[in-house]
$ cat query-v2.cif   # mmCIF, C-alpha atoms
data_entry
#
loop_
_atom_site.label_atom_id
_atom_site.label_comp_id
_atom_site.auth_asym_id
_atom_site.auth_seq_id
_atom_site.Cartn_x
_atom_site.Cartn_y
_atom_site.Cartn_z
CA MET A 1 -14.35 -33.46 -41.79
CA HIS A 2 -12.75 -30.13 -41.17
CA ALA A 3 -13.91 -30.00 -37.60
CA GLU A 4 -11.32 -27.38 -36.54
CA GLN A 5 -12.69 -24.89 -39.06
CA PRO A 6 -15.46 -22.57 -37.85
CA VAL A 7 -18.75 -23.37 -39.50
CA SER A 8 -19.67 -20.60 -41.87
CA THR A 9 -23.33 -19.64 -41.66
CA GLY A 10 -25.43 -16.57 -42.15
CA ARG A 11 -24.27 -15.57 -38.66
CA ALA A 12 -20.58 -15.83 -39.62
CA LYS A 13 -19.83 -12.38 -38.20
CA ARG A 14 -21.04 -13.31 -34.72
CA LEU A 15 -17.95 -13.93 -32.69
CA PRO A 16 -18.06 -16.45 -29.86
CA ARG A 17 -19.23 -14.80 -26.66
CA ALA A 18 -15.86 -15.28 -24.92
CA VAL A 19 -14.00 -13.52 -27.73
CA ARG A 20 -16.50 -10.68 -27.78
CA GLU A 21 -16.26 -10.24 -24.02
CA ARG A 22 -12.48 -10.19 -24.20
CA GLN A 23 -12.60 -7.42 -26.82
CA ILE A 24 -15.01 -5.41 -24.69
CA MET A 25 -12.90 -5.79 -21.58
CA ASP A 26 -9.69 -4.87 -23.41
CA ALA A 27 -11.43 -1.70 -24.55
CA ALA A 28 -12.87 -1.02 -21.09
CA VAL A 29 -9.50 -1.39 -19.34
CA GLU A 30 -7.94 1.00 -21.83
CA VAL A 31 -10.71 3.59 -21.42
CA PHE A 32 -10.92 3.30 -17.63
CA SER A 33 -7.17 3.68 -17.25
CA ARG A 34 -7.02 6.66 -19.60
CA LEU A 35 -10.04 8.62 -18.35
CA GLY A 36 -10.68 7.28 -14.86
CA PHE A 37 -13.84 5.53 -13.74
CA HIS A 38 -16.04 8.62 -13.54
CA ALA A 39 -15.09 10.24 -16.84
CA ALA A 40 -15.17 6.95 -18.75
CA SER A 41 -18.47 6.55 -20.60
CA MET A 42 -20.21 3.48 -21.96
CA ASP A 43 -20.39 5.39 -25.26
CA GLU A 44 -16.62 5.59 -25.48
CA ILE A 45 -16.12 1.99 -24.38
CA SER A 46 -18.61 0.72 -26.99
CA GLU A 47 -16.89 2.82 -29.65
CA VAL A 48 -13.40 1.55 -28.78
CA ALA A 49 -14.71 -2.04 -28.57
CA GLY A 50 -16.51 -1.63 -31.90
CA ILE A 51 -19.89 -2.84 -30.69
CA SER A 52 -23.22 -1.18 -30.05
CA LYS A 53 -24.05 0.19 -26.64
CA PRO A 54 -27.09 -2.08 -26.13
CA MET A 55 -24.84 -5.04 -26.93
CA LEU A 56 -22.28 -3.76 -24.43
CA TYR A 57 -24.92 -3.62 -21.67
CA ALA A 58 -26.26 -7.02 -22.72
CA TYR A 59 -22.85 -8.63 -22.46
CA LEU A 60 -21.37 -7.09 -19.36
CA GLY A 61 -24.01 -5.02 -17.57
CA SER A 62 -23.69 -1.54 -16.10
CA LYS A 63 -20.51 0.53 -15.97
CA GLU A 64 -20.06 -0.52 -12.32
CA GLU A 65 -20.42 -4.21 -13.20
CA LEU A 66 -18.08 -3.83 -16.16
CA PHE A 67 -15.46 -2.11 -14.00
CA ALA A 68 -15.70 -4.81 -11.31
CA THR A 69 -15.34 -7.49 -14.00
CA CYS A 70 -12.26 -5.68 -15.36
CA ILE A 71 -10.67 -5.59 -11.90
CA ARG A 72 -11.30 -9.29 -11.41
CA ARG A 73 -9.95 -10.24 -14.81
CA GLU A 74 -6.84 -8.06 -14.54
CA SER A 75 -6.05 -9.24 -11.01
CA THR A 76 -6.45 -12.86 -12.09
CA ARG A 77 -4.19 -12.30 -15.11
CA MET A 78 -1.59 -10.68 -12.88
CA MET A 79 -1.65 -13.41 -10.26
CA GLU A 80 -1.34 -16.05 -13.00
CA ALA A 81 1.64 -14.21 -14.50
CA ILE A 82 3.35 -14.16 -11.10
CA ALA A 83 2.54 -17.78 -10.28
CA ASP A 84 3.82 -18.80 -13.74
CA GLY A 85 6.97 -16.73 -13.26
CA VAL A 86 8.04 -18.13 -9.89
CA GLU A 87 10.65 -20.81 -10.35
CA ALA A 88 9.39 -23.03 -7.56
CA ASP A 89 12.26 -25.54 -7.58
CA GLN A 90 14.91 -22.86 -6.99
CA PRO A 91 16.44 -21.54 -3.74
CA PRO A 92 14.38 -18.85 -1.94
CA ASP A 93 16.26 -15.86 -3.35
CA VAL A 94 15.79 -17.03 -6.93
CA GLN A 95 12.12 -17.78 -6.24
CA LEU A 96 11.63 -14.29 -4.87
CA TRP A 97 13.57 -12.74 -7.74
CA SER A 98 11.60 -14.64 -10.37
CA GLY A 99 8.34 -13.60 -8.69
CA LEU A 100 9.34 -9.93 -8.53
CA ARG A 101 10.52 -10.00 -12.12
CA ALA A 102 7.21 -11.52 -13.21
CA PHE A 103 5.28 -8.89 -11.24
CA PHE A 104 7.17 -5.88 -12.59
CA GLY A 105 7.23 -7.48 -16.04
CA PHE A 106 3.42 -7.74 -15.95
CA VAL A 107 3.00 -4.17 -14.71
CA GLY A 108 5.41 -2.86 -17.34
CA GLU A 109 3.60 -4.63 -20.17
CA ASN A 110 0.14 -3.90 -18.80
CA ARG A 111 0.29 -0.39 -17.43
CA SER A 112 -3.40 0.09 -18.20
CA SER A 113 -4.23 -2.95 -16.08
CA TRP A 114 -2.21 -1.66 -13.18
CA GLN A 115 -3.71 1.80 -13.50
CA VAL A 116 -7.20 0.30 -13.34
CA LEU A 117 -6.33 -2.21 -10.65
CA HIS A 118 -4.46 0.02 -8.30
CA ARG A 119 -5.20 3.67 -8.87
CA GLN A 120 -8.73 3.55 -10.22
CA ALA A 121 -9.97 0.79 -7.91
CA SER A 122 -8.52 2.42 -4.81
CA SER A 123 -9.67 5.91 -5.71
CA GLN A 124 -13.21 4.58 -6.28
CA GLY A 125 -13.37 2.88 -2.89
CA GLY A 126 -16.34 0.72 -1.89
CA PRO A 127 -16.70 -2.70 -3.55
CA PHE A 128 -13.79 -1.92 -5.91
CA ALA A 129 -11.45 -1.38 -2.96
CA GLN A 130 -12.69 -4.75 -1.71
CA GLU A 131 -11.74 -6.46 -4.99
CA LEU A 132 -8.31 -4.90 -4.62
CA ALA A 133 -8.07 -6.09 -1.02
CA ASP A 134 -8.98 -9.62 -2.14
CA MET A 135 -6.23 -9.58 -4.77
CA ARG A 136 -3.78 -8.34 -2.15
CA GLY A 137 -4.87 -11.19 0.13
CA ARG A 138 -4.14 -13.73 -2.60
CA ALA A 139 -0.73 -12.18 -3.27
CA ILE A 140 0.12 -12.25 0.45
CA SER A 141 -0.85 -15.92 0.68
CA LEU A 142 1.36 -16.71 -2.31
CA VAL A 143 4.39 -14.90 -0.84
CA ALA A 144 3.77 -16.28 2.65
CA ALA A 145 3.76 -19.81 1.21
CA LEU A 146 7.10 -19.06 -0.45
CA LEU A 147 8.54 -17.82 2.85
CA VAL A 148 7.20 -20.74 4.89
CA HIS A 149 8.58 -23.08 2.25
CA SER A 150 11.98 -21.41 2.55
CA ALA A 151 11.79 -22.31 6.25
CA ASP A 152 12.82 -25.77 5.05
CA PHE A 153 16.22 -24.15 4.62
CA PRO A 154 18.22 -24.64 7.78
CA ASN A 155 18.66 -21.17 9.24
CA VAL A 156 15.36 -19.36 8.83
CA PRO A 157 14.50 -17.97 12.25
CA ARG A 158 11.03 -18.33 13.78
CA ALA A 159 9.28 -18.52 10.45
CA GLY A 160 5.90 -19.16 12.06
CA ASP A 161 2.87 -18.73 9.85
CA LYS A 162 2.06 -15.37 11.47
CA GLU A 163 5.56 -14.05 10.99
CA ALA A 164 5.67 -15.25 7.40
CA GLU A 165 2.26 -13.70 6.78
CA SER A 166 3.28 -10.33 8.21
CA LEU A 167 6.54 -10.26 6.25
CA ALA A 168 4.59 -11.23 3.14
CA ALA A 169 2.15 -8.36 3.78
CA ALA A 170 5.08 -5.95 4.08
CA LEU A 171 6.68 -7.28 0.90
CA VAL A 172 3.46 -7.10 -1.11
CA GLY A 173 2.89 -3.56 0.18
CA ALA A 174 6.41 -2.59 -0.89
CA ALA A 175 5.93 -4.08 -4.36
CA GLU A 176 2.55 -2.36 -4.81
CA ALA A 177 3.93 0.99 -3.69
CA LEU A 178 6.99 0.70 -5.92
CA ALA A 179 4.85 -0.27 -8.94
CA ASP A 180 2.66 2.74 -8.24
CA TRP A 181 5.73 4.99 -8.03
CA TRP A 182 6.88 3.49 -11.33
CA LEU A 183 3.66 4.62 -13.08
CA ASP A 184 4.83 8.20 -12.49
CA ASN A 185 8.46 7.40 -13.35
CA PRO A 186 8.14 5.03 -16.31
CA GLU A 187 11.57 5.68 -17.77
CA GLU A 188 13.28 2.87 -15.85
CA PRO A 189 13.24 -0.69 -17.24
CA ALA A 190 11.21 -3.35 -15.42
CA GLY A 191 14.37 -5.29 -14.53
CA VAL A 192 15.95 -2.29 -12.80
CA VAL A 193 12.88 -1.64 -10.68
CA ALA A 194 12.54 -5.33 -9.81
CA ALA A 195 16.24 -5.55 -8.92
CA ARG A 196 15.93 -2.51 -6.68
CA LEU A 197 13.17 -4.12 -4.62
CA MET A 198 15.05 -7.43 -4.61
CA ASN A 199 18.09 -5.68 -3.20
CA LEU A 200 16.01 -3.87 -0.60
CA VAL A 201 14.27 -6.98 0.70
CA TRP A 202 16.99 -9.56 0.17
CA MET A 203 20.17 -7.66 0.93
CA GLY A 204 18.63 -4.91 3.07
CA PHE A 205 19.82 -1.32 3.45
CA GLY A 206 22.55 -2.55 5.77
CA ASP A 207 24.30 -4.40 2.97
CA LEU A 208 23.51 -1.69 0.42
CA VAL A 209 25.21 0.89 2.64
CA GLU A 210 28.24 -1.41 2.64
CA GLY A 211 28.11 -1.61 -1.15
CA ASN A 212 27.00 -5.26 -1.27
CA ILE A 213 24.57 -5.90 -4.11
CA TRP A 214 22.44 -8.96 -4.86
CA HIS A 215 23.15 -10.50 -8.26
CA PRO A 216 20.84 -12.80 -10.18
CA PRO A 217 22.20 -16.35 -10.55
CA SER A 218 23.20 -15.83 -14.19
CA ARG A 219 25.78 -13.31 -12.97
CA ARG A 220 27.06 -15.73 -10.32
CA VAL A 221 27.23 -19.14 -11.96
CA PRO A 222 27.63 -20.11 -15.59
CA GLU A 223 24.35 -21.36 -17.05
CA GLY A 224 25.23 -25.01 -17.49
CA ASP A 225 22.78 -27.89 -17.32
CA MET B 1 -2.35 39.02 38.28
CA HIS B 2 -3.29 35.38 37.68
CA ALA B 3 -3.07 35.70 33.93
CA GLU B 4 -2.78 31.95 33.38
CA GLN B 5 -6.17 31.31 35.03
CA PRO B 6 -9.17 31.34 32.70
CA VAL B 7 -11.41 34.31 33.34
CA SER B 8 -14.67 33.12 34.89
CA THR B 9 -17.68 34.87 33.42
CA GLY B 10 -21.30 34.07 32.85
CA ARG B 11 -20.07 32.16 29.78
CA ALA B 12 -17.72 30.02 31.85
CA LYS B 13 -19.07 26.80 30.33
CA ARG B 14 -18.18 27.89 26.81
CA LEU B 15 -14.97 26.16 25.98
CA PRO B 16 -12.50 27.81 23.62
CA ARG B 17 -13.25 26.89 20.04
CA ALA B 18 -10.02 24.92 19.62
CA VAL B 19 -10.80 22.76 22.64
CA ARG B 20 -14.36 22.15 21.47
CA GLU B 21 -13.17 21.21 18.00
CA ARG B 22 -10.65 18.82 19.45
CA GLN B 23 -13.38 17.08 21.48
CA ILE B 24 -15.58 16.79 18.41
CA MET B 25 -12.79 15.38 16.31
CA ASP B 26 -11.78 12.87 18.98
CA ALA B 27 -15.39 11.69 19.03
CA ALA B 28 -15.61 11.64 15.24
CA VAL B 29 -12.42 9.58 14.82
CA GLU B 30 -13.72 7.07 17.35
CA VAL B 31 -17.15 6.78 15.69
CA PHE B 32 -15.79 6.66 12.12
CA SER B 33 -13.28 3.96 13.02
CA ARG B 34 -15.88 1.89 14.87
CA LEU B 35 -18.76 2.14 12.39
CA GLY B 36 -17.15 3.13 9.13
CA PHE B 37 -17.86 6.31 7.21
CA HIS B 38 -21.27 5.29 5.85
CA ALA B 39 -22.78 3.86 9.04
CA ALA B 40 -21.43 6.68 11.21
CA SER B 41 -24.12 9.30 11.84
CA MET B 42 -23.84 12.92 12.91
CA ASP B 43 -26.34 11.99 15.67
CA GLU B 44 -23.92 9.48 17.15
CA ILE B 45 -20.91 11.78 16.78
CA SER B 46 -22.73 14.67 18.50
CA GLU B 47 -23.81 12.32 21.28
CA VAL B 48 -20.27 10.98 21.86
CA ALA B 49 -18.85 14.52 21.68
CA GLY B 50 -21.51 15.76 24.10
CA ILE B 51 -22.69 18.68 21.96
CA SER B 52 -25.83 19.39 20.00
CA LYS B 53 -26.07 18.43 16.35
CA PRO B 54 -26.58 22.03 15.12
CA MET B 55 -23.44 22.99 17.05
CA LEU B 56 -21.58 20.07 15.43
CA TYR B 57 -22.54 21.27 11.95
CA ALA B 58 -21.69 24.88 12.89
CA TYR B 59 -18.21 23.91 14.04
CA LEU B 60 -17.09 21.40 11.47
CA GLY B 61 -19.59 21.29 8.62
CA SER B 62 -21.06 18.22 6.93
CA LYS B 63 -20.12 14.61 7.62
CA GLU B 64 -17.89 14.65 4.53
CA GLU B 65 -16.11 17.80 5.69
CA LEU B 66 -15.75 16.43 9.22
CA PHE B 67 -14.28 13.19 7.88
CA ALA B 68 -11.80 15.07 5.66
CA THR B 69 -10.79 17.22 8.62
CA CYS B 70 -10.26 14.08 10.72
CA ILE B 71 -8.02 12.55 8.05
CA ARG B 72 -5.94 15.71 7.85
CA ARG B 73 -5.60 16.02 11.61
CA GLU B 74 -4.71 12.36 12.14
CA SER B 75 -2.21 12.32 9.29
CA THR B 76 -0.56 15.47 10.65
CA ARG B 77 -0.40 14.01 14.17
CA MET B 78 1.16 10.85 12.80
CA MET B 79 3.75 12.65 10.69
CA GLU B 80 4.68 14.81 13.68
CA ALA B 81 5.05 11.73 15.87
CA ILE B 82 7.38 10.16 13.31
CA ALA B 83 9.40 13.33 12.73
CA ASP B 84 9.73 13.76 16.52
CA GLY B 85 10.75 10.13 16.92
CA VAL B 86 13.56 10.10 14.34
CA GLU B 87 16.92 10.57 16.02
CA ALA B 88 18.42 12.70 13.28
CA ASP B 89 21.97 12.83 14.64
CA GLN B 90 22.34 9.03 14.67
CA PRO B 91 23.68 6.64 12.01
CA PRO B 92 21.20 5.64 9.28
CA ASP B 93 20.13 2.35 10.84
CA VAL B 94 19.29 4.00 14.15
CA GLN B 95 17.44 6.80 12.34
CA LEU B 96 15.39 4.26 10.44
CA TRP B 97 14.75 2.21 13.57
CA SER B 98 13.67 5.25 15.57
CA GLY B 99 11.33 6.29 12.75
CA LEU B 100 9.77 2.83 12.45
CA ARG B 101 9.38 2.60 16.22
CA ALA B 102 7.67 6.01 16.27
CA PHE B 103 5.36 4.95 13.44
CA PHE B 104 4.31 1.64 14.95
CA GLY B 105 4.14 3.28 18.37
CA PHE B 106 1.71 5.85 17.00
CA VAL B 107 -0.40 3.23 15.24
CA GLY B 108 -0.47 1.04 18.35
CA GLU B 109 -1.60 3.89 20.59
CA ASN B 110 -3.97 5.35 17.98
CA ARG B 111 -5.60 2.39 16.31
CA SER B 112 -8.74 4.44 15.67
CA SER B 113 -6.67 7.02 13.83
CA TRP B 114 -5.06 4.37 11.68
CA GLN B 115 -8.41 2.71 11.00
CA VAL B 116 -9.81 6.06 9.83
CA LEU B 117 -6.70 7.07 7.96
CA HIS B 118 -5.99 3.90 6.14
CA ARG B 119 -9.01 1.63 5.94
CA GLN B 120 -11.85 4.12 5.96
CA ALA B 121 -10.16 6.71 3.77
CA SER B 122 -9.10 4.16 1.17
CA SER B 123 -12.43 2.34 1.14
CA GLN B 124 -14.24 5.66 0.61
CA GLY B 125 -12.09 6.62 -2.35
CA GLY B 126 -12.41 10.01 -4.06
CA PRO B 127 -11.10 13.06 -2.18
CA PHE B 128 -10.39 10.94 0.91
CA ALA B 129 -8.09 8.67 -1.07
CA GLN B 130 -6.38 11.87 -2.23
CA GLU B 131 -5.79 13.01 1.37
CA LEU B 132 -4.26 9.60 2.02
CA ALA B 133 -2.09 9.89 -1.09
CA ASP B 134 -0.89 13.32 0.11
CA MET B 135 0.08 11.89 3.48
CA ARG B 136 1.89 9.05 1.75
CA GLY B 137 3.75 11.62 -0.37
CA ARG B 138 4.90 13.47 2.75
CA ALA B 139 6.05 10.22 4.36
CA ILE B 140 7.96 9.25 1.21
CA SER B 141 9.72 12.64 1.15
CA LEU B 142 10.70 12.24 4.80
CA VAL B 143 12.14 8.77 4.26
CA ALA B 144 13.81 9.75 0.98
CA ALA B 145 15.54 12.65 2.76
CA LEU B 146 16.79 10.19 5.36
CA LEU B 147 18.17 7.89 2.65
CA VAL B 148 19.80 10.70 0.68
CA HIS B 149 21.29 11.99 3.91
CA SER B 150 22.73 8.54 4.61
CA ALA B 151 24.46 8.87 1.25
CA ASP B 152 26.92 11.01 3.21
CA PHE B 153 28.12 7.71 4.56
CA PRO B 154 30.92 6.43 2.39
CA ASN B 155 29.55 3.30 0.72
CA VAL B 156 25.99 4.03 -0.29
CA PRO B 157 25.72 3.10 -3.97
CA ARG B 158 24.02 5.31 -6.54
CA ALA B 159 21.76 7.02 -4.02
CA GLY B 160 20.40 9.41 -6.59
CA ASP B 161 17.25 11.28 -5.68
CA LYS B 162 15.14 9.02 -7.91
CA GLU B 163 16.57 5.86 -6.44
CA ALA B 164 16.13 7.16 -2.89
CA GLU B 165 12.57 8.20 -3.70
CA SER B 166 11.66 4.81 -5.13
CA LEU B 167 13.20 2.95 -2.19
CA ALA B 168 11.36 5.32 0.16
CA ALA B 169 8.09 4.58 -1.67
CA ALA B 170 8.71 0.84 -1.24
CA LEU B 171 9.54 1.27 2.45
CA VAL B 172 6.49 3.42 3.17
CA GLY B 173 4.31 0.90 1.31
CA ALA B 174 5.77 -1.92 3.39
CA ALA B 175 5.15 -0.02 6.65
CA GLU B 176 1.58 0.84 5.66
CA ALA B 177 0.82 -2.74 4.66
CA LEU B 178 2.35 -4.15 7.85
CA ALA B 179 0.42 -1.68 10.03
CA ASP B 180 -2.74 -2.70 8.22
CA TRP B 181 -1.97 -6.37 8.82
CA TRP B 182 -1.38 -5.51 12.47
CA LEU B 183 -4.93 -4.12 12.81
CA ASP B 184 -6.17 -7.67 12.22
CA ASN B 185 -3.45 -9.23 14.36
CA PRO B 186 -3.21 -6.84 17.31
CA GLU B 187 -1.74 -9.31 19.80
CA GLU B 188 1.88 -8.50 18.96
CA PRO B 189 3.63 -5.55 20.71
CA ALA B 190 4.54 -2.49 18.65
CA GLY B 191 8.26 -3.12 19.18
CA VAL B 192 8.05 -6.64 17.74
CA VAL B 193 6.25 -5.46 14.61
CA ALA B 194 8.66 -2.53 14.16
CA ALA B 195 11.66 -4.83 14.66
CA ARG B 196 10.31 -7.24 12.08
CA LEU B 197 10.14 -4.53 9.41
CA MET B 198 13.52 -3.18 10.50
CA ASN B 199 15.02 -6.62 10.01
CA LEU B 200 13.35 -7.03 6.65
CA VAL B 201 14.55 -3.71 5.24
CA TRP B 202 17.89 -3.38 7.02
CA MET B 203 19.14 -6.94 7.17
CA GLY B 204 17.08 -8.35 4.31
CA PHE B 205 15.79 -11.89 3.89
CA GLY B 206 19.26 -12.98 2.84
CA ASP B 207 20.64 -12.29 6.29
CA LEU B 208 17.50 -13.55 8.03
CA VAL B 209 17.83 -16.88 6.24
CA GLU B 210 21.39 -17.03 7.56
CA GLY B 211 20.10 -16.32 11.07
CA ASN B 212 21.59 -12.82 11.28
CA ILE B 213 19.32 -10.42 13.16
CA TRP B 214 19.51 -6.65 13.51
CA HIS B 215 19.82 -5.46 17.11
CA PRO B 216 19.00 -2.00 18.40
CA PRO B 217 22.05 -0.10 19.63
CA SER B 218 21.17 -0.64 23.32
CA ARG B 219 21.79 -4.36 22.76
CA ARG B 220 25.13 -3.70 21.04
CA VAL B 221 26.88 -0.96 23.02
CA PRO B 222 26.51 0.08 26.63
CA GLU B 223 24.56 3.33 26.90
CA GLY B 224 27.30 5.68 27.92
CA ASP B 225 27.39 9.41 27.33
#
$ encode --input "query-v2.cif" --output "structure tokens"
Amino acid sequence: MHAEQPVSTGRAKRLPRAVRERQIMDAAVEVFSRLGFHAASMDEISEVAGISKPMLYAYLGSKEELFATCIRRESTRMMEAIADGVEADQPPDVQLWSGLRAFFGFVGENRSSWQVLHRQASSQGGPFAQELADMRGRAISLVAALLVHSADFPNVPRAGDKEAESLAAALVGAAEALADWWLDNPEEPAGVVAARLMNLVWMGFGDLVEGNIWHPPSRRVPEGD
Amino acid sequence: MHAEQPVSTGRAKRLPRAVRERQIMDAAVEVFSRLGFHAASMDEISEVAGISKPMLYAYLGSKEELFATCIRRESTRMMEAIADGVEADQPPDVQLWSGLRAFFGFVGENRSSWQVLHRQASSQGGPFAQELADMRGRAISLVAALLVHSADFPNVPRAGDKEAESLAAALVGAAEALADWWLDNPEEPAGVVAARLMNLVWMGFGDLVEGNIWHPPSRRVPEGD
């Protein structure tokens, strides 16, 4: 009758595998970001996750496998946050702005994820650097699609796939580098950092030198509709 | 009398140490970029450099030490090329353009260096990633100084040191990412790639969408003086 209630048995304390794995990975991301890959131990991760070490190995394998799984999960979460944040039916500047805001919003709320994704994965090199490169490839494809799409607007010059792809690579590199800078300078709000990159890539230094600033649509038009 | 002539002795074939080291490092950069750090062997490097393996170890130490020395030399060469290229007495856009042209010019003429510096060093992680991070730090300082300097121009808004530094980090990240993209898409000339980044960061997408393109000064004013 009460089908939505969990069935209580003698094994009531066994959480579903997916929940358990999520707890372990939350703990692992926290420990990896705090101590770095090398100094992080499976002992500490099992303690923070509140499960035994044999169980930890049984669920997610060696420290290397666990770290790789963390990178994949965090990069997927981040890409989903960005894809969800982009307001696809808006003009190109608002699309870009919403994407940047989603990206810096994610980084700001998940500094441990970013630390693991960017700093730890790149300082470990090898297969972890490859996971990072794959994530970067997906981000570039997403931005390139946005730029090619904005070629539907009348005046975009020569927005061939190659040009869009190279501009997307530059933009993703800028966003990554700025997010990394932000880790060391966390006092600024996410919106300020996102707006700074938006101004750089949308307005350009040329306009900034002239004192022309990009404003989000809420500052330009009243929010009717 | 002929002081500039090398003195010919029985040891005439012994090159000065600096020359020998340069030959070894040229060979090492070529081999590392072609095969990657792991697959590169001291046998192959000594063969390409034309010296014995014991001599190779005597001059530059282990493969790890040799690789680290290569990263330092190539990053120094690149930073010097950029610093030499920047036309410091010009307006900010021309300074930025001359710096970007010098950077992409260097990468285009030294693809092996860039491969070792960027791809190999970051995929190896550890101390090599740290060398790369140091180089990035120097590049960011150089660009930030350029931006703060351009604050002498009347209309630059809020160009505090922190803001300049964060914009410089974004710009260096964009240049690195675009140069990395270029490794896989080498058919475009250095000037085209440099101009694309110049347009992105100086004009911004906003202007590009409107069809407004940045032109180097030679296309705007006749080269008098």
$ closest_atom_pairs --input "query-v2.cif" --of "range 81-190 of chain A" --to "range 30-46 of chain A" --cutoff "7 Å" --atoms "all atoms listed in the file" --output "tab-separated table"
residue	atom	partner	partner_atom	distance
A:Ser112	CA	A:Ser33	CA	5.3
A:Gln115	CA	A:Ser33	CA	5.4
A:Val116	CA	A:Ser33	CA	5.2
A:Gln120	CA	A:Gly36	CA	6.3
$ write_last_selection --input "query-v2.cif" --atoms "C-alpha atoms" --output "mmCIF file, keeping the file's coordinate frame"
data_model
loop_
_atom_site.group_PDB
_atom_site.id
_atom_site.type_symbol
_atom_site.label_atom_id
_atom_site.label_comp_id
_atom_site.auth_asym_id
_atom_site.auth_seq_id
_atom_site.Cartn_x
_atom_site.Cartn_y
_atom_site.Cartn_z
ATOM 1 C CA SER A 112 -3.400 0.090 -18.200
ATOM 2 C CA GLN A 115 -3.710 1.800 -13.500
ATOM 3 C CA VAL A 116 -7.200 0.300 -13.340
ATOM 4 C CA GLN A 120 -8.730 3.550 -10.220
#
$ closest_residue --input "query-v2.cif" --among "B:Leu142, B:Ala169, B:Leu183, B:Ile51" --to "chain A" --atoms "only C-alpha atoms"
B:Ala169
$ atom_distance --input "query-v2.cif" --atom1 "CA of Val86 in chain A" --atom2 "CA of Gly99 in chain A"
4.7 Å
$ residues_around --input "query-v2.cif" --residues "Ser113 in chain B" --least-positions-apart "2" --cutoff "10 Å" --atoms "all atoms listed in the file" --output "JSON list (two decimals) with C-alpha atoms, keeping the file's coordinate frame"
[["chain", "number", "residue", "atom", "x", "y", "z"],
["B", 26, "ASP", "CA", -11.78, 12.87, 18.98],
["B", 29, "VAL", "CA", -12.42, 9.58, 14.82],
["B", 30, "GLU", "CA", -13.72, 7.07, 17.35],
["B", 32, "PHE", "CA", -15.79, 6.66, 12.12],
["B", 33, "SER", "CA", -13.28, 3.96, 13.02],
["B", 70, "CYS", "CA", -10.26, 14.08, 10.72],
["B", 71, "ILE", "CA", -8.02, 12.55, 8.05],
["B", 73, "ARG", "CA", -5.60, 16.02, 11.61],
["B", 74, "GLU", "CA", -4.71, 12.36, 12.14],
["B", 75, "SER", "CA", -2.21, 12.32, 9.29],
["B", 77, "ARG", "CA", -0.40, 14.01, 14.17],
["B", 78, "MET", "CA", 1.16, 10.85, 12.80],
["B", 106, "PHE", "CA", 1.71, 5.85, 17.00],
["B", 107, "VAL", "CA", -0.40, 3.23, 15.24],
["B", 108, "GLY", "CA", -0.47, 1.04, 18.35],
["B", 109, "GLU", "CA", -1.60, 3.89, 20.59],
["B", 110, "ASN", "CA", -3.97, 5.35, 17.98],
["B", 111, "ARG", "CA", -5.60, 2.39, 16.31],
["B", 115, "GLN", "CA", -8.41, 2.71, 11.00],
["B", 116, "VAL", "CA", -9.81, 6.06, 9.83],
["B", 117, "LEU", "CA", -6.70, 7.07, 7.96],
["B", 118, "HIS", "CA", -5.99, 3.90, 6.14],
["B", 119, "ARG", "CA", -9.01, 1.63, 5.94],
["B", 120, "GLN", "CA", -11.85, 4.12, 5.96]]
$ closest_residue --input "query-v2.cif" --among "A:Ala175, A:Ser52, A:Gln95, A:Asp180" --to "Ser122 in chain A" --atoms "all atoms listed in the file"
A:Asp180
$ closest_residue --input "query-v2.cif" --among "A:Ala102, A:Ala170, A:Ala144, A:Ala133" --to "Val193 in chain A" --atoms "only C-alpha atoms"
A:Ala102
$ closest_residue --input "query-v2.cif" --among "B:Gly85, B:Pro16, B:Gly126, B:Gly105" --to "chain A" --atoms "all atoms listed in the file"
B:Gly126
$ atom_distance --input "query-v2.cif" --atom1 "CA of Ala174 in chain A" --atom2 "CA of Met25 in chain A"
28.5 Å
$ atom_distance --input "query-v2.cif" --atom1 "CA of Ala121 in chain A" --atom2 "CA of Arg101 in chain A"
23.5 Å
$ closest_residue --input "query-v2.cif" --among "A:Glu64, A:Phe128, A:Gly191, A:Asp161" --to "chain B" --atoms "only C-alpha atoms"
A:Phe128
$ closest_residue --input "query-v2.cif" --among "B:Leu146, B:Gln124, B:Val192, B:Arg138" --to "chain A" --atoms "all atoms listed in the file"
B:Gln124
$ residues_around --input "query-v2.cif" --residues "Leu178 in chain A" --least-positions-apart "2" --cutoff "12 Å" --atoms "only C-alpha atoms" --output "ChimeraX atom specification"
/A:100,103-104,107,114,118,171-176,180-186,188,190,192-198,200 /B:140,162-174
$ axis_aligned_box --input "query-v2.cif" --around "range 92-97 of chain A" --padding-each-side "5 Å" --output "lines of an AutoDock Vina configuration file"
center_x = 13.9
center_y = -15.8
center_z = -4.8
size_x = 14.6
size_y = 16.1
size_z = 15.8
$ residues_near_point --input "query-v2.cif" --point "(-23.5, -7.4, -17.8)" --cutoff "12 Å" --atoms "only C-alpha atoms" --output "VMD selection string"
chain A and resid 21 24 to 25 53 to 70
